[in-house]
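Asks: Pasting run-v2.cif here (mmCIF, C-alpha atoms):
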data_query
#
loop_
_atom_site.group_PDB
_atom_site.id
_atom_site.type_symbol
_atom_site.label_atom_id
_atom_site.label_comp_id
_atom_site.auth_asym_id
_atom_site.auth_seq_id
_atom_site.Cartn_x
_atom_site.Cartn_y
_atom_site.Cartn_z
ATOM 1 C CA MET A 22 -21.952 -19.280 -0.702
ATOM 2 C CA THR A 23 -18.924 -20.902 -2.315
ATOM 3 C CA ASN A 24 -17.053 -19.501 -5.277
ATOM 4 C CA HIS A 25 -13.539 -19.718 -6.626
ATOM 5 C CA MET A 26 -11.369 -17.811 -9.086
ATOM 6 C CA ARG A 27 -7.815 -18.025 -10.314
ATOM 7 C CA LEU A 28 -5.837 -15.714 -12.518
ATOM 8 C CA GLU A 29 -2.284 -15.032 -13.542
ATOM 9 C CA CYS A 30 -0.739 -11.747 -14.498
ATOM 10 C CA ASP A 31 2.660 -10.360 -15.340
ATOM 11 C CA ALA A 32 4.665 -9.042 -12.411
ATOM 12 C CA ILE A 33 4.559 -5.421 -13.495
ATOM 13 C CA SER A 34 3.370 -2.519 -11.384
ATOM 14 C CA GLU A 35 0.574 -1.672 -13.848
ATOM 15 C CA ASN A 36 -1.147 -4.868 -12.656
ATOM 16 C CA GLU A 37 -1.401 -3.777 -9.014
ATOM 17 C CA LEU A 38 -4.529 -1.752 -9.696
ATOM 18 C CA PHE A 39 -5.973 -4.660 -11.701
ATOM 19 C CA ALA A 40 -5.205 -7.269 -9.022
ATOM 20 C CA ARG A 41 -6.656 -5.370 -6.065
ATOM 21 C CA ASN A 42 -9.772 -4.357 -7.981
ATOM 22 C CA ALA A 43 -10.282 -7.908 -9.314
ATOM 23 C CA VAL A 44 -10.294 -9.269 -5.754
ATOM 24 C CA ALA A 45 -12.535 -6.430 -4.582
ATOM 25 C CA LEU A 46 -15.080 -7.242 -7.295
ATOM 26 C CA PHE A 47 -14.909 -10.968 -6.525
ATOM 27 C CA VAL A 48 -15.717 -10.468 -2.831
ATOM 28 C CA LEU A 49 -18.645 -8.106 -3.478
ATOM 29 C CA PRO A 50 -21.344 -10.853 -3.256
ATOM 30 C CA LEU A 51 -20.444 -11.287 0.435
ATOM 31 C CA GLY A 52 -21.498 -7.669 1.012
ATOM 32 C CA PRO A 53 -18.320 -6.227 2.533
ATOM 33 C CA ASP A 54 -18.532 -2.719 3.925
ATOM 34 C CA VAL A 55 -16.231 0.048 2.688
ATOM 35 C CA SER A 56 -13.694 -0.604 5.413
ATOM 36 C CA GLU A 57 -13.491 -4.357 4.724
ATOM 37 C CA LEU A 58 -13.166 -3.756 1.004
ATOM 38 C CA SER A 59 -10.419 -1.232 1.581
ATOM 39 C CA ASP A 60 -8.553 -3.623 3.910
ATOM 40 C CA ILE A 61 -8.646 -6.382 1.276
ATOM 41 C CA LYS A 62 -7.504 -4.092 -1.537
ATOM 42 C CA THR A 63 -4.628 -2.791 0.564
ATOM 43 C CA ALA A 64 -3.479 -6.272 1.615
ATOM 44 C CA VAL A 65 -3.619 -7.560 -1.976
ATOM 45 C CA SER A 66 -1.700 -4.542 -3.205
ATOM 46 C CA GLU A 67 1.010 -5.161 -0.593
ATOM 47 C CA ALA A 68 1.384 -8.817 -1.587
ATOM 48 C CA VAL A 69 1.509 -8.025 -5.306
ATOM 49 C CA THR A 70 4.048 -5.250 -4.706
ATOM 50 C CA ASN A 71 6.240 -7.746 -2.864
ATOM 51 C CA CYS A 72 6.139 -10.080 -5.877
ATOM 52 C CA ILE A 73 7.146 -7.313 -8.276
ATOM 53 C CA VAL A 74 9.726 -5.521 -6.151
ATOM 54 C CA HIS A 75 11.238 -8.233 -3.973
ATOM 55 C CA ALA A 76 10.565 -11.621 -5.572
ATOM 56 C CA TYR A 77 11.352 -10.622 -9.140
ATOM 57 C CA ARG A 78 13.361 -7.437 -8.420
ATOM 58 C CA GLY A 79 11.585 -5.642 -11.253
ATOM 59 C CA GLN A 80 12.843 -8.186 -13.795
ATOM 60 C CA GLY A 81 9.390 -9.563 -14.575
ATOM 61 C CA GLY A 82 7.762 -12.907 -13.914
ATOM 62 C CA THR A 83 4.291 -14.249 -13.219
ATOM 63 C CA ILE A 84 2.016 -13.632 -10.250
ATOM 64 C CA GLY A 85 -0.669 -16.172 -9.379
ATOM 65 C CA LEU A 86 -3.803 -14.921 -7.647
ATOM 66 C CA GLU A 87 -6.381 -17.356 -6.330
ATOM 67 C CA CYS A 88 -9.467 -16.532 -4.267
ATOM 68 C CA THR A 89 -12.141 -18.660 -2.658
ATOM 69 C CA LEU A 90 -15.347 -17.470 -1.068
ATOM 70 C CA GLU A 91 -16.471 -19.835 1.656
ATOM 71 C CA GLU A 92 -19.525 -18.923 3.697
ATOM 72 C CA ARG A 93 -18.714 -15.399 4.918
ATOM 73 C CA THR A 94 -14.942 -15.550 4.362
ATOM 74 C CA ILE A 95 -12.633 -14.766 1.476
ATOM 75 C CA HIS A 96 -9.412 -16.769 1.229
ATOM 76 C CA ILE A 97 -6.688 -15.240 -0.939
ATOM 77 C CA LYS A 98 -3.523 -16.941 -2.173
ATOM 78 C CA ILE A 99 -0.865 -14.901 -3.971
ATOM 79 C CA THR A 100 2.082 -16.760 -5.443
ATOM 80 C CA ASP A 101 5.327 -15.899 -7.182
ATOM 81 C CA LYS A 102 8.166 -18.019 -8.522
ATOM 82 C CA GLY A 103 10.836 -15.522 -7.592
ATOM 83 C CA ARG A 104 13.923 -15.547 -5.420
ATOM 84 C CA GLY A 105 12.227 -16.554 -2.148
ATOM 85 C CA ILE A 106 12.649 -15.118 1.345
ATOM 86 C CA PRO A 107 15.729 -16.275 3.313
ATOM 87 C CA ASP A 108 14.170 -15.615 6.740
ATOM 88 C CA VAL A 109 10.392 -15.212 6.827
ATOM 89 C CA GLU A 110 10.275 -14.427 10.563
ATOM 90 C CA GLN A 111 12.656 -11.534 10.020
ATOM 91 C CA ALA A 112 10.899 -10.357 6.854
ATOM 92 C CA ILE A 113 7.525 -9.971 8.573
ATOM 93 C CA GLN A 114 8.911 -7.752 11.334
ATOM 94 C CA PRO A 115 7.645 -4.152 11.128
ATOM 95 C CA PHE A 116 10.020 -1.758 9.333
ATOM 96 C CA TYR A 117 12.240 -4.581 8.054
ATOM 97 C CA THR A 118 13.282 -3.984 4.451
ATOM 98 C CA THR A 119 16.020 -5.329 2.224
ATOM 99 C CA LEU A 120 15.841 -2.158 0.101
ATOM 100 C CA PRO A 121 16.373 0.735 2.545
ATOM 101 C CA ASP A 122 17.701 3.036 -0.192
ATOM 102 C CA GLU A 123 14.476 2.857 -2.202
ATOM 103 C CA GLU A 124 12.133 4.576 0.264
ATOM 104 C CA ARG A 125 10.609 1.240 1.287
ATOM 105 C CA SER A 126 8.733 1.427 4.561
ATOM 106 C CA GLY A 127 9.112 -2.231 5.504
ATOM 107 C CA MET A 128 5.448 -2.282 6.555
ATOM 108 C CA GLY A 129 3.961 -4.466 3.816
ATOM 109 C CA PHE A 130 3.668 -7.690 5.793
ATOM 110 C CA THR A 131 2.582 -5.802 8.922
ATOM 111 C CA ILE A 132 -0.287 -4.245 6.977
ATOM 112 C CA MET A 133 -1.314 -7.631 5.542
ATOM 113 C CA GLN A 134 -1.315 -9.124 9.050
ATOM 114 C CA THR A 135 -3.205 -6.205 10.574
ATOM 115 C CA PHE A 136 -5.833 -5.779 7.869
ATOM 116 C CA MET A 137 -6.695 -9.450 7.368
ATOM 117 C CA SER A 138 -8.159 -12.042 9.763
ATOM 118 C CA ASP A 139 -5.561 -14.716 8.972
ATOM 119 C CA PHE A 140 -2.159 -14.470 7.353
ATOM 120 C CA LYS A 141 0.601 -16.935 6.543
ATOM 121 C CA VAL A 142 3.726 -16.886 4.356
ATOM 122 C CA GLU A 143 5.462 -19.893 2.868
ATOM 123 C CA SER A 144 8.726 -19.365 1.020
ATOM 124 C CA ALA A 145 11.612 -21.371 -0.377
ATOM 125 C CA LEU A 146 14.823 -19.855 -1.711
ATOM 126 C CA GLY A 147 15.005 -19.976 -5.481
ATOM 127 C CA VAL A 148 11.519 -21.475 -5.690
ATOM 128 C CA GLY A 149 9.187 -18.670 -4.694
ATOM 129 C CA THR A 150 6.775 -17.361 -2.106
ATOM 130 C CA THR A 151 3.095 -17.825 -1.380
ATOM 131 C CA VAL A 152 1.062 -15.530 0.847
ATOM 132 C CA PHE A 153 -2.193 -16.901 2.286
ATOM 133 C CA MET A 154 -4.672 -14.393 3.663
ATOM 134 C CA SER A 155 -8.273 -14.656 4.801
ATOM 135 C CA LYS A 156 -10.843 -12.147 5.905
ATOM 136 C CA ALA A 157 -14.174 -12.847 7.516
ATOM 137 C CA ILE A 158 -16.756 -10.445 6.117
ATOM 138 C CA GLY A 159 -19.165 -8.932 8.617
ATOM 139 C CA ALA A 160 -17.264 -10.289 11.622
ATOM 140 C CA GLY A 161 -17.025 -6.833 13.200
ATOM 141 C CA LYS A 162 -20.748 -6.270 12.833
ATOM 142 C CA LYS A 163 -21.551 -9.500 14.683
ATOM 143 C CA GLU A 164 -19.124 -8.608 17.469
ATOM 144 C CA ASN A 165 -20.647 -5.153 17.821
ATOM 145 C CA ALA A 166 -24.266 -6.315 17.602
ATOM 146 C CA MET B 21 -7.723 1.284 -15.971
ATOM 147 C CA ASP B 22 -5.035 3.888 -15.593
ATOM 148 C CA ALA B 23 -3.637 4.765 -12.205
ATOM 149 C CA ILE B 24 -2.788 8.405 -12.702
ATOM 150 C CA MET B 25 -1.607 10.384 -9.713
ATOM 151 C CA LYS B 26 -1.836 14.162 -9.855
ATOM 152 C CA ILE B 27 -0.334 16.765 -7.590
ATOM 153 C CA THR B 28 -1.070 20.485 -7.453
ATOM 154 C CA SER B 29 0.127 23.124 -5.026
ATOM 155 C CA ARG B 30 -0.692 26.480 -3.495
ATOM 156 C CA ALA B 31 1.697 28.729 -1.561
ATOM 157 C CA SER B 32 0.224 30.789 1.238
ATOM 158 C CA GLY B 33 1.680 32.580 4.268
ATOM 159 C CA GLY B 34 5.054 30.829 4.235
ATOM 160 C CA ALA B 35 3.469 27.415 3.738
ATOM 161 C CA LEU B 36 3.228 25.208 0.657
ATOM 162 C CA TYR B 37 0.051 23.158 0.329
ATOM 163 C CA LEU B 38 0.373 20.055 -1.847
ATOM 164 C CA TYR B 39 -2.851 18.428 -3.026
ATOM 165 C CA LEU B 40 -2.499 14.767 -3.965
ATOM 166 C CA ASP B 41 -5.120 13.154 -6.168
ATOM 167 C CA GLY B 42 -5.307 9.516 -7.271
ATOM 168 C CA GLU B 43 -4.032 6.146 -6.065
ATOM 169 C CA ILE B 44 -0.528 5.782 -4.591
ATOM 170 C CA ASP B 45 1.107 2.461 -5.365
ATOM 171 C CA GLU B 46 4.247 1.079 -6.973
ATOM 172 C CA CYS B 47 2.965 2.080 -10.410
ATOM 173 C CA THR B 48 2.327 5.741 -9.634
ATOM 174 C CA VAL B 49 4.881 6.584 -6.970
ATOM 175 C CA ALA B 50 7.904 7.377 -9.178
ATOM 176 C CA GLU B 51 6.123 10.140 -11.065
ATOM 177 C CA LEU B 52 4.522 11.402 -7.853
ATOM 178 C CA ARG B 53 7.930 11.539 -6.167
ATOM 179 C CA ARG B 54 9.435 13.459 -9.074
ATOM 180 C CA ALA B 55 6.592 15.996 -9.148
ATOM 181 C CA ALA B 56 6.533 16.471 -5.366
ATOM 182 C CA ASP B 57 10.299 16.933 -5.176
ATOM 183 C CA GLU B 58 10.178 19.520 -7.939
ATOM 184 C CA LEU B 59 7.566 21.514 -6.000
ATOM 185 C CA ILE B 60 9.479 21.178 -2.729
ATOM 186 C CA GLU B 61 12.709 22.348 -4.352
ATOM 187 C CA ARG B 62 10.944 25.283 -6.011
ATOM 188 C CA HIS B 63 9.538 26.324 -2.635
ATOM 189 C CA ALA B 64 12.509 25.283 -0.503
ATOM 190 C CA ALA B 65 12.242 28.434 1.613
ATOM 191 C CA ALA B 66 8.747 27.548 2.841
ATOM 192 C CA LYS B 67 8.519 26.932 6.572
ATOM 193 C CA LYS B 68 5.715 24.397 6.383
ATOM 194 C CA PHE B 69 4.680 21.801 3.805
ATOM 195 C CA VAL B 70 1.110 20.569 4.127
ATOM 196 C CA PHE B 71 0.265 17.396 2.198
ATOM 197 C CA ASN B 72 -3.475 17.339 1.614
ATOM 198 C CA LEU B 73 -4.559 13.724 1.088
ATOM 199 C CA ALA B 74 -8.281 14.316 0.513
ATOM 200 C CA GLY B 75 -7.949 13.189 -3.110
ATOM 201 C CA VAL B 76 -5.984 10.013 -2.328
ATOM 202 C CA ARG B 77 -8.489 7.239 -3.021
ATOM 203 C CA PHE B 78 -6.047 4.402 -2.318
ATOM 204 C CA MET B 79 -2.685 4.098 -0.643
ATOM 205 C CA ASP B 80 -0.610 1.106 0.424
ATOM 206 C CA SER B 81 2.755 1.074 2.186
ATOM 207 C CA THR B 82 4.356 2.508 -0.950
ATOM 208 C CA GLY B 83 2.674 5.753 0.114
ATOM 209 C CA ILE B 84 4.288 5.535 3.535
ATOM 210 C CA GLY B 85 7.730 5.282 1.940
ATOM 211 C CA PHE B 86 6.886 8.248 -0.287
ATOM 212 C CA LEU B 87 5.730 10.433 2.625
ATOM 213 C CA ILE B 88 8.690 9.558 4.848
ATOM 214 C CA GLY B 89 11.048 10.274 1.942
ATOM 215 C CA ARG B 90 9.498 13.732 1.505
ATOM 216 C CA TYR B 91 9.657 14.299 5.268
ATOM 217 C CA LYS B 92 13.409 13.669 5.207
ATOM 218 C CA LYS B 93 13.880 15.959 2.219
ATOM 219 C CA ILE B 94 11.859 18.779 3.781
ATOM 220 C CA ALA B 95 13.731 18.374 7.082
ATOM 221 C CA ARG B 96 17.008 18.863 5.196
ATOM 222 C CA TYR B 97 15.648 22.233 4.019
ATOM 223 C CA GLY B 98 14.723 23.084 7.618
ATOM 224 C CA GLY B 99 10.974 22.882 6.970
ATOM 225 C CA LYS B 100 8.134 21.142 8.794
ATOM 226 C CA MET B 101 5.765 18.689 7.177
ATOM 227 C CA CYS B 102 2.234 17.739 8.112
ATOM 228 C CA LEU B 103 -0.684 15.788 6.661
ATOM 229 C CA GLU B 104 -4.328 16.703 6.368
ATOM 230 C CA ASN B 105 -7.620 15.152 5.285
ATOM 231 C CA PRO B 106 -6.682 11.526 4.641
ATOM 232 C CA ASN B 107 -9.743 9.383 3.909
ATOM 233 C CA VAL B 108 -10.594 6.557 6.304
ATOM 234 C CA SER B 109 -8.546 3.979 4.361
ATOM 235 C CA ALA B 110 -5.394 6.092 4.052
ATOM 236 C CA ASP B 111 -5.787 7.141 7.689
ATOM 237 C CA LYS B 112 -5.747 3.486 8.771
ATOM 238 C CA VAL B 113 -2.589 2.731 6.770
ATOM 239 C CA LEU B 114 -0.885 5.822 8.205
ATOM 240 C CA ALA B 115 -1.967 5.086 11.779
ATOM 241 C CA VAL B 116 -0.961 1.399 11.693
ATOM 242 C CA SER B 117 2.445 2.376 10.327
ATOM 243 C CA GLY B 118 3.070 4.956 13.025
ATOM 244 C CA VAL B 119 3.590 7.729 10.455
ATOM 245 C CA TYR B 120 1.756 10.260 12.623
ATOM 246 C CA THR B 121 4.435 10.049 15.306
ATOM 247 C CA LEU B 122 6.834 11.489 12.708
ATOM 248 C CA ILE B 123 4.552 13.583 10.505
ATOM 249 C CA PRO B 124 1.599 15.064 12.413
ATOM 250 C CA LYS B 125 -1.937 15.134 11.086
ATOM 251 C CA ILE B 126 -3.572 18.556 11.399
#
Produce structure tokens that represent the structure in this file.

Replies:
Amino acid sequence: MTNHMRLECDAISENELFARNAVALFVLPLGPDVSELSDIKTAVSEAVTNCIVHAYRGQGGTIGLECTLEERTIHIKITDKGRGIPDVEQAIQPFYTTLPDEERSGMGFTIMQTFMSDFKVESALGVGTTVFMSKAIGAGKKENA
Amino acid sequence: MDAIMKITSRASGGALYLYLDGEIDECTVAELRRAADELIERHAAAKKFVFNLAGVRFMDSTGIGFLIGRYKKIARYGGKMCLENPNVSADKVLAVSGVYTLIPKI
């Protein structure tokens, strides 16, 4: 099946729950199992947290969330118009954080990479950041069959 | 939809058991941190602090930062910290992040 949705929300932490549950509901027609659903919710939550905490530094802004269902895969695009990432390669390294005094684990990008099938970050300083993630639903079942 | 995070505790045999209930994310972590620290400080003499995660329905890497922060605080008091009963989702986040090498799961 093919389906598409797009929404925008304020970059405030109250919208994390909304964003991850909106994506979880959108992917339901593909019949994800509990583990796949949990992986998607966690990855979305990480990306939205990055927008709020890092891109906008808690000063507010807008987060764009776009999802496409294509055959058995969900493609997710999460966009901010915040400060941008100076060095993406460095930022995606495990345990790397620019806010070590705020109990940040530096594992957000690592979790997105690990929990999703495909992952890519595009960023420009002063312009913003877009995270692209995809997850094939039922891929594990086929491999194990 | 309201992401409320609750924490309750029980002291037993020199250990403090902390029961977390709810979803840990950027929205809930500040209040959770405040409540957990208050309990830890009130029971600073405890030898062991067991964080029971059975009620944690969702956790992203914000939860990792929270747990490591409490680990450091408890270590300063000379106590040990461990985790128990994470659900499958929280367990995956904790395992991927290597938290169990620092804070054992019992």

Asks: Using all atoms listed in the file, find each residue of chain A with at least one atom at most 9 Å away from an atom of chain B; report its shortest atom-to-atom pair and that distance in Å (one decimal), sort the rows by chain and rising residue number, and return the result as a tab-separated table.

Replies:
residue	atom	partner	partner_atom	distance
A:Ile33	CA	B:Cys47	CA	8.3
A:Ser34	CA	B:Cys47	CA	4.7
A:Glu35	CA	B:Cys47	CA	5.6
A:Asn36	CA	B:Cys47	CA	8.4
A:Glu37	CA	B:Cys47	CA	7.4
A:Leu38	CA	B:Ala23	CA	7.0
A:Phe39	CA	B:Met21	CA	7.5
A:Val55	CA	B:Ser109	CA	8.8
A:Ser56	CA	B:Ser109	CA	7.0
A:Ser59	CA	B:Ser109	CA	6.2
A:Asp60	CA	B:Ser109	CA	7.6
A:Lys62	CA	B:Phe78	CA	8.7
A:Thr63	CA	B:Asp80	CA	5.6
A:Ala64	CA	B:Asp80	CA	8.0
A:Ser66	CA	B:Asp80	CA	6.8
A:Glu67	CA	B:Asp80	CA	6.6
A:Thr70	CA	B:Glu46	CA	6.7
A:Ile73	CA	B:Glu46	CA	9.0
A:Val74	CA	B:Glu46	CA	8.6
A:Pro115	CA	B:Ser117	CA	8.4
A:Phe116	CA	B:Ser117	CA	8.7
A:Glu123	CA	B:Gly85	CA	8.3
A:Glu124	CA	B:Gly85	CA	4.8
A:Arg125	CA	B:Gly85	CA	5.0
A:Ser126	CA	B:Gly85	CA	4.8
A:Gly127	CA	B:Ser81	CA	7.9
A:Met128	CA	B:Ser81	CA	6.1
A:Gly129	CA	B:Ser81	CA	5.9
A:Thr131	CA	B:Ser117	CA	8.3
A:Ile132	CA	B:Val113	CA	7.3
A:Thr135	CA	B:Val116	CA	8.0

Asks: So which residues touch stretch 146-160 of chain A within 7 Å, counting all atoms listed in the file, skipping near sequence neighbours fewer than 3 positions away, as a PyMOL selection string?

Replies: chain A and resi 51+53+93-107+137-143+163-164

Asks: Would you export the selected residues with C-alpha atoms as an mmCIF file, in the frame of the given file, please?

Replies:
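Below is the file that was written, part.cif:
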data_model
loop_
_atom_site.group_PDB
_atom_site.id
_atom_site.type_symbol
_atom_site.label_atom_id
_atom_site.label_comp_id
_atom_site.auth_asym_id
_atom_site.auth_seq_id
_atom_site.Cartn_x
_atom_site.Cartn_y
_atom_site.Cartn_z
ATOM 1 C CA LEU A 51 -20.444 -11.287 0.435
ATOM 2 C CA PRO A 53 -18.320 -6.227 2.533
ATOM 3 C CA ARG A 93 -18.714 -15.399 4.918
ATOM 4 C CA THR A 94 -14.942 -15.550 4.362
ATOM 5 C CA ILE A 95 -12.633 -14.766 1.476
ATOM 6 C CA HIS A 96 -9.412 -16.769 1.229
ATOM 7 C CA ILE A 97 -6.688 -15.240 -0.939
ATOM 8 C CA LYS A 98 -3.523 -16.941 -2.173
ATOM 9 C CA ILE A 99 -0.865 -14.901 -3.971
ATOM 10 C CA THR A 100 2.082 -16.760 -5.443
ATOM 11 C CA ASP A 101 5.327 -15.899 -7.182
ATOM 12 C CA LYS A 102 8.166 -18.019 -8.522
ATOM 13 C CA GLY A 103 10.836 -15.522 -7.592
ATOM 14 C CA ARG A 104 13.923 -15.547 -5.420
ATOM 15 C CA GLY A 105 12.227 -16.554 -2.148
ATOM 16 C CA ILE A 106 12.649 -15.118 1.345
ATOM 17 C CA PRO A 107 15.729 -16.275 3.313
ATOM 18 C CA MET A 137 -6.695 -9.450 7.368
ATOM 19 C CA SER A 138 -8.159 -12.042 9.763
ATOM 20 C CA ASP A 139 -5.561 -14.716 8.972
ATOM 21 C CA PHE A 140 -2.159 -14.470 7.353
ATOM 22 C CA LYS A 141 0.601 -16.935 6.543
ATOM 23 C CA VAL A 142 3.726 -16.886 4.356
ATOM 24 C CA GLU A 143 5.462 -19.893 2.868
ATOM 25 C CA LYS A 163 -21.551 -9.500 14.683
ATOM 26 C CA GLU A 164 -19.124 -8.608 17.469
#

Asks: List the residues selected by the PyMOL selection byres ((chain B and resi 57) around 12) in the file shown, writing them as an mmCIF file with C-alpha atoms, in the frame of the given file.

Replies:
data_model
loop_
_atom_site.group_PDB
_atom_site.id
_atom_site.type_symbol
_atom_site.label_atom_id
_atom_site.label_comp_id
_atom_site.auth_asym_id
_atom_site.auth_seq_id
_atom_site.Cartn_x
_atom_site.Cartn_y
_atom_site.Cartn_z
ATOM 1 C CA ILE B 27 -0.334 16.765 -7.590
ATOM 2 C CA SER B 29 0.127 23.124 -5.026
ATOM 3 C CA LEU B 38 0.373 20.055 -1.847
ATOM 4 C CA VAL B 49 4.881 6.584 -6.970
ATOM 5 C CA ALA B 50 7.904 7.377 -9.178
ATOM 6 C CA GLU B 51 6.123 10.140 -11.065
ATOM 7 C CA LEU B 52 4.522 11.402 -7.853
ATOM 8 C CA ARG B 53 7.930 11.539 -6.167
ATOM 9 C CA ARG B 54 9.435 13.459 -9.074
ATOM 10 C CA ALA B 55 6.592 15.996 -9.148
ATOM 11 C CA ALA B 56 6.533 16.471 -5.366
ATOM 12 C CA GLU B 58 10.178 19.520 -7.939
ATOM 13 C CA LEU B 59 7.566 21.514 -6.000
ATOM 14 C CA ILE B 60 9.479 21.178 -2.729
ATOM 15 C CA GLU B 61 12.709 22.348 -4.352
ATOM 16 C CA ARG B 62 10.944 25.283 -6.011
ATOM 17 C CA HIS B 63 9.538 26.324 -2.635
ATOM 18 C CA ALA B 64 12.509 25.283 -0.503
ATOM 19 C CA PHE B 69 4.680 21.801 3.805
ATOM 20 C CA PHE B 86 6.886 8.248 -0.287
ATOM 21 C CA LEU B 87 5.730 10.433 2.625
ATOM 22 C CA GLY B 89 11.048 10.274 1.942
ATOM 23 C CA ARG B 90 9.498 13.732 1.505
ATOM 24 C CA TYR B 91 9.657 14.299 5.268
ATOM 25 C CA LYS B 92 13.409 13.669 5.207
ATOM 26 C CA LYS B 93 13.880 15.959 2.219
ATOM 27 C CA ILE B 94 11.859 18.779 3.781
ATOM 28 C CA TYR B 97 15.648 22.233 4.019
#

Asks: Excluding same-chain residues fewer than 4 positions from B:Val76, what lies within 7 Å of it counting all atoms listed in the file, as a list in words?

Replies: Leu40, Asp41, Gly42 and Glu43 of chain B

Asks: Those same residues, written as a JSON list (two decimals), in the frame of the given file with C-alpha atoms?

Replies:
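To be explicit, this is the file written out as result-v9.json:
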[["chain", "number", "residue", "atom", "x", "y", "z"],
["B", 40, "LEU", "CA", -2.50, 14.77, -3.96],
["B", 41, "ASP", "CA", -5.12, 13.15, -6.17],
["B", 42, "GLY", "CA", -5.31, 9.52, -7.27],
["B", 43, "GLU", "CA", -4.03, 6.15, -6.06]]

Asks: What's around A:Glu29 at 7 Å? Count all atoms listed in the file, leave out sequence neighbours fewer than 4 positions away in its own chain, and write the answer as a list in words.

Replies: Thr83, Ile84, Gly85 and Leu86 of chain A

Asks: In Å, how far is it from atom CA of A:Thr89 to atom CA of A:Asn71?

Replies: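 Result for atom CA of A:Thr89 versus atom CA of A:Asn71: 21.4 Å, one decimal.
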
Asks: Quick one: what's the axis-aligned box for stretch 151-161 of chain A, all listed atoms, 3 Å on every side, centre and edges in Å to one decimal, as AutoDock Vina command-line options?

Replies:
--center_x -8.0 --center_y -12.3 --center_z 5.9 --size_x 28.3 --size_y 17.0 --size_z 20.6

Asks: Suppose you want the space between atom CA of A:Met22 and atom CA of A:Leu90; what is it in Å?

Replies: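 Between atom CA of A:Met22 and atom CA of A:Leu90 the gap is 6.9 Å.
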
Asks: Please compute the atom CA of A:Leu28-atom CA of A:Asn42 distance, one decimal, in Å.

Replies: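 Atom CA of A:Leu28 sits 12.8 Å away from atom CA of A:Asn42.
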
Asks: Using the chain letters and numbers from the file, which residues does the PyMOL selection byres ((chain A and resi 44-46) around 8) grab, as a PyMOL selection string?

Replies: chain A and resi 40-43+47-49+58+61-62+65+88

Asks: B:Asp111: which residues within 10 Å, counting only C-alpha atoms, same-chain residues fewer than 4 positions away excluded, as a VMD selection string?

Replies: chain B and resid 73 79 104 to 107 115 to 117 119 to 120 125
